[in-house]
$ cat upload_24.pdb   # PDB, C-alpha atoms
MODEL        1
ATOM      1  CA  MET P   1     219.880 251.350  84.876
ATOM      2  CA  SER P   2     220.913 252.833  88.184
ATOM      3  CA  THR P   3     222.779 251.394  91.142
ATOM      4  CA  ARG P   4     219.574 251.545  93.139
ATOM      5  CA  THR P   5     217.701 249.602  90.458
ATOM      6  CA  PHE P   6     220.320 246.843  90.370
ATOM      7  CA  ALA P   7     220.334 246.550  94.164
ATOM      8  CA  LEU P   8     216.538 246.303  94.113
ATOM      9  CA  ILE P   9     216.610 243.664  91.368
ATOM     10  CA  PHE P  10     219.186 241.590  93.240
ATOM     11  CA  GLY P  11     217.146 241.954  96.434
ATOM     12  CA  ILE P  12     213.943 240.771  94.766
ATOM     13  CA  VAL P  13     215.711 237.852  93.077
ATOM     14  CA  PHE P  14     217.295 236.757  96.377
ATOM     15  CA  LEU P  15     213.868 236.898  98.051
ATOM     16  CA  ILE P  16     212.397 234.726  95.292
ATOM     17  CA  VAL P  17     215.305 232.260  95.478
ATOM     18  CA  GLY P  18     215.063 232.094  99.279
ATOM     19  CA  ALA P  19     211.337 231.460  99.200
ATOM     20  CA  GLY P  20     211.722 229.023  96.302
ATOM     21  CA  GLY P  21     213.971 226.835  98.415
ATOM     22  CA  PHE P  22     210.977 226.072 100.620
ATOM     23  CA  ILE P  23     208.574 225.246  97.757
ATOM     24  CA  PRO P  24     208.136 221.571  96.862
ATOM     25  CA  GLY P  25     208.560 221.124  93.129
ATOM     26  CA  LEU P  26     211.231 223.796  92.921
ATOM     27  CA  ASN P  27     213.044 221.959  95.679
ATOM     28  CA  MET P  28     213.640 218.537  94.110
ATOM     29  CA  MET P  29     213.578 215.610  96.534
ATOM     30  CA  ASP P  30     213.365 211.925  95.701
ATOM     31  CA  HIS P  31     210.656 209.764  97.293
ATOM     32  CA  SER P  32     212.937 208.827 100.212
ATOM     33  CA  GLY P  33     213.337 212.462 101.265
ATOM     34  CA  HIS P  34     216.900 212.772 100.006
ATOM     35  CA  ALA P  35     218.066 215.226  97.403
ATOM     36  CA  ALA P  36     218.110 213.607  93.994
ATOM     37  CA  ASP P  37     221.512 213.085  92.356
ATOM     38  CA  ALA P  38     223.391 214.625  95.281
ATOM     39  CA  ASP P  39     227.128 215.085  94.800
ATOM     40  CA  VAL P  40     227.499 215.945  98.498
ATOM     41  CA  THR P  41     226.283 214.481 101.744
ATOM     42  CA  VAL P  42     222.526 214.901 102.024
ATOM     43  CA  ARG P  43     222.139 214.503 105.798
ATOM     44  CA  SER P  44     221.611 218.252 106.281
ATOM     45  CA  PHE P  45     219.872 219.024 103.003
ATOM     46  CA  PHE P  46     216.333 220.097 102.452
ATOM     47  CA  GLY P  47     216.732 219.505  98.718
ATOM     48  CA  TYR P  48     218.082 220.849  95.459
ATOM     49  CA  GLU P  49     216.562 224.079  94.206
ATOM     50  CA  LEU P  50     215.701 223.632  90.538
ATOM     51  CA  GLY P  51     217.427 220.250  90.819
ATOM     52  CA  LEU P  52     220.845 221.910  90.684
ATOM     53  CA  PHE P  53     221.628 223.993  93.776
ATOM     54  CA  PRO P  54     221.642 222.263  97.181
ATOM     55  CA  VAL P  55     219.685 224.144  99.819
ATOM     56  CA  ASN P  56     218.767 223.736 103.435
ATOM     57  CA  VAL P  57     216.879 225.971 105.834
ATOM     58  CA  LEU P  58     220.019 228.006 106.650
ATOM     59  CA  HIS P  59     220.785 228.546 102.965
ATOM     60  CA  ASN P  60     217.204 229.670 102.294
ATOM     61  CA  ILE P  61     217.173 232.054 105.253
ATOM     62  CA  VAL P  62     220.465 233.613 104.132
ATOM     63  CA  HIS P  63     218.961 234.246 100.688
ATOM     64  CA  LEU P  64     215.831 235.761 102.256
ATOM     65  CA  LEU P  65     217.908 238.070 104.488
ATOM     66  CA  PHE P  66     220.149 239.029 101.573
ATOM     67  CA  GLY P  67     217.028 239.890  99.598
ATOM     68  CA  ILE P  68     215.569 242.022 102.393
ATOM     69  CA  ALA P  69     218.896 243.831 102.737
ATOM     70  CA  GLY P  70     219.007 244.544  99.001
ATOM     71  CA  ILE P  71     215.500 245.978  98.963
ATOM     72  CA  ALA P  72     216.131 248.087 102.073
ATOM     73  CA  LEU P  73     219.521 249.374 100.939
ATOM     74  CA  ALA P  74     218.251 250.195  97.430
ATOM     75  CA  ARG P  75     216.557 253.266  98.924
ATOM     76  CA  THR P  76     219.762 255.327  98.650
ATOM     77  CA  ILE P  77     222.664 255.361  96.226
ATOM     78  CA  SER P  78     225.221 254.828  98.977
ATOM     79  CA  GLY P  79     223.183 251.967 100.450
ATOM     80  CA  ALA P  80     222.784 250.340  97.040
ATOM     81  CA  ARG P  81     226.482 250.794  96.303
ATOM     82  CA  ASN P  82     227.475 249.256  99.632
ATOM     83  CA  TYR P  83     225.053 246.358  99.129
ATOM     84  CA  LEU P  84     226.479 245.577  95.696
ATOM     85  CA  ILE P  85     230.133 245.960  96.703
ATOM     86  CA  TRP P  86     229.975 244.167 100.045
ATOM     87  CA  GLY P  87     227.522 241.592  98.736
ATOM     88  CA  GLY P  88     229.877 240.904  95.844
ATOM     89  CA  ALA P  89     232.778 240.556  98.267
ATOM     90  CA  VAL P  90     230.774 238.124 100.415
ATOM     91  CA  TYR P  91     229.944 236.023  97.370
ATOM     92  CA  LEU P  92     233.589 235.935  96.275
ATOM     93  CA  VAL P  93     234.622 234.778  99.755
ATOM     94  CA  LEU P  94     231.857 232.147  99.640
ATOM     95  CA  TRP P  95     233.121 231.064  96.219
ATOM     96  CA  LEU P  96     236.644 230.597  97.596
ATOM     97  CA  TYR P  97     235.291 228.741 100.632
ATOM     98  CA  GLY P  98     233.292 226.425  98.377
ATOM     99  CA  MET P  99     236.301 225.804  96.151
ATOM    100  CA  PHE P 100     238.541 224.708  99.009
ATOM    101  CA  ILE P 101     236.278 222.733 101.344
ATOM    102  CA  ASP P 102     235.510 219.076 100.919
ATOM    103  CA  HIS P 103     231.870 218.961  99.810
ATOM    104  CA  GLU P 104     231.484 215.685 101.703
ATOM    105  CA  SER P 105     232.673 217.159 105.013
ATOM    106  CA  PRO P 106     230.751 218.765 107.893
ATOM    107  CA  ALA P 107     232.392 222.068 106.851
ATOM    108  CA  ASN P 108     229.886 222.142 103.989
ATOM    109  CA  PHE P 109     227.080 223.292 106.278
ATOM    110  CA  VAL P 110     225.609 225.958 103.957
ATOM    111  CA  PRO P 111     225.520 223.587 101.652
ATOM    112  CA  LEU P 112     227.570 224.139  98.482
ATOM    113  CA  ASN P 113     228.357 222.224  95.313
ATOM    114  CA  THR P 114     230.201 222.996  92.074
ATOM    115  CA  ALA P 115     227.185 224.737  90.520
ATOM    116  CA  ASP P 116     226.873 226.950  93.627
ATOM    117  CA  ASN P 117     230.564 227.772  93.544
ATOM    118  CA  TRP P 118     230.466 229.108  89.995
ATOM    119  CA  LEU P 119     227.172 230.911  90.557
ATOM    120  CA  HIS P 120     228.748 232.587  93.614
ATOM    121  CA  PHE P 121     231.746 233.598  91.520
ATOM    122  CA  LEU P 122     229.540 235.178  88.840
ATOM    123  CA  LEU P 123     227.375 236.921  91.452
ATOM    124  CA  GLY P 124     230.445 238.212  93.277
ATOM    125  CA  VAL P 125     232.129 239.613  90.195
ATOM    126  CA  GLY P 126     228.869 241.008  88.818
ATOM    127  CA  MET P 127     227.734 242.694  92.030
ATOM    128  CA  LEU P 128     231.188 244.103  92.746
ATOM    129  CA  ALA P 129     231.532 245.446  89.204
ATOM    130  CA  LEU P 130     228.080 247.057  89.265
ATOM    131  CA  GLY P 131     228.709 248.641  92.659
ATOM    132  CA  LEU P 132     232.057 250.070  91.605
ATOM    133  CA  LEU P 133     231.419 251.035  88.002
ATOM    134  CA  LEU P 134     227.973 252.590  88.316
ATOM    135  CA  THR P 135     228.923 254.885  91.193
ATOM    136  CA  ARG P 136     232.561 255.735  90.588
ATOM    137  CA  ASP P 137     231.841 259.443  89.944
ATOM    138  CA  ARG P 138     228.642 259.812  91.961
ATOM    139  CA  VAL P 139     227.994 261.381  95.328
ATOM    140  CA  ASP P 140     224.954 260.581  97.465
ATOM    141  CA  ARG P 141     223.366 263.861  98.548
ATOM    142  CA  GLY P 142     220.546 262.688 100.714
ATOM    143  CA  ALA P 143     218.074 259.895 100.246
ATOM    144  CA  GLY P 144     218.598 259.096  96.589
ATOM    145  CA  THR P 145     218.580 262.617  95.162
ATOM    146  CA  THR P 146     221.689 262.037  93.047
ATOM    147  CA  ARG P 147     221.261 259.740  90.066
ATOM    148  CA  ALA P 148     223.476 256.722  89.567
TER     149      ALA P 148
ENDMDL
END
$ encode --input "upload_24.pdb" --output "structure tokens"
Amino acid sequence: MSTRTFALIFGIVFLIVGAGGFIPGLNMMDHSGHAADADVTVRSFFGYELGLFPVNVLHNIVHLLFGIAGIALARTISGARNYLIWGGAVYLVLWLYGMFIDHESPANFVPLNTADNWLHFLLGVGMLALGLLLTRDRVDRGAGTTRA
């Protein structure tokens, strides 16, 4: 698969995840309106996506924007490469942030938990590797005319 294809796939998945955070049933809440089995403060939470990943409106919007960026940047090899590399770098920084903040503190505004931290690590490494390895010998000559 090409760099552009991977950027498009990541973009579509982020759009689905962002939208899914707003869908009751995928966003598990208990009857009191609090996230079920929360390991972090729930005062700012909308819920837990798939019962595992804490989300709020900000978190969902970030995923939606990340998805739109992936789809838009997948139009060219250089755009796809930049999306994968810089997106991977952002996720690695987010992983480090999540590893060092207190999940019970106001600094956890995104919100993050242990499952998020390791998902961010895998996304960061995966996106960075795809962006670097798939395009290491490629040159973008226009709007996607060179294959990657």
$ residues_around --input "upload_24.pdb" --residues "Trp86 (chain P)" --least-positions-apart "6" --cutoff "9 Å" --atoms "all atoms listed in the file" --output "PyMOL selection string"
chain P and resi 127-128+131
$ resolve_selection --input "upload_24.pdb" --expression "the PyMOL selection byres ((chain P and resi 90-102) around 8)" --output "count of residues only"
20
$ resolve_selection --input "upload_24.pdb" --expression "the PyMOL selection byres ((chain P and resi 6) around 10)" --output "ChimeraX atom specification"
/P:1-5,7-12,70-71,74,80-81,83-84,127,130-131,134
$ atom_distance --input "upload_24.pdb" --atom1 "CA of Leu15 (chain P)" --atom2 "CA of Ile68 (chain P)"
6.9 Å
$ resolve_selection --input "upload_24.pdb" --expression "the PyMOL selection byres ((chain P and resi 60) around 8)" --output "list in words"
Val17, Gly18, Ala19, Gly21, Phe22, Val55, Asn56, Val57, Leu58, His59, Ile61, Val62, His63 and Leu64 of chain P
$ axis_aligned_box --input "upload_24.pdb" --around "region 4-10 of chain P" --padding-each-side "5 Å" --output "AutoDock Vina command-line options"
--center_x 218.4 --center_y 246.6 --center_z 92.3 --size_x 13.8 --size_y 20.0 --size_z 13.8
$ atom_distance --input "upload_24.pdb" --atom1 "CA of Ile23 (chain P)" --atom2 "CA of Gly126 (chain P)"
27.2 Å
$ closest_residue --input "upload_24.pdb" --among "P:Ala115, P:Leu122, P:Ile77, P:Val110" --to "Thr135 (chain P)" --atoms "all atoms listed in the file"
P:Ile77
$ atom_distance --input "upload_24.pdb" --atom1 "CA of Phe66 (chain P)" --atom2 "CA of Pro106 (chain P)"
23.7 Å
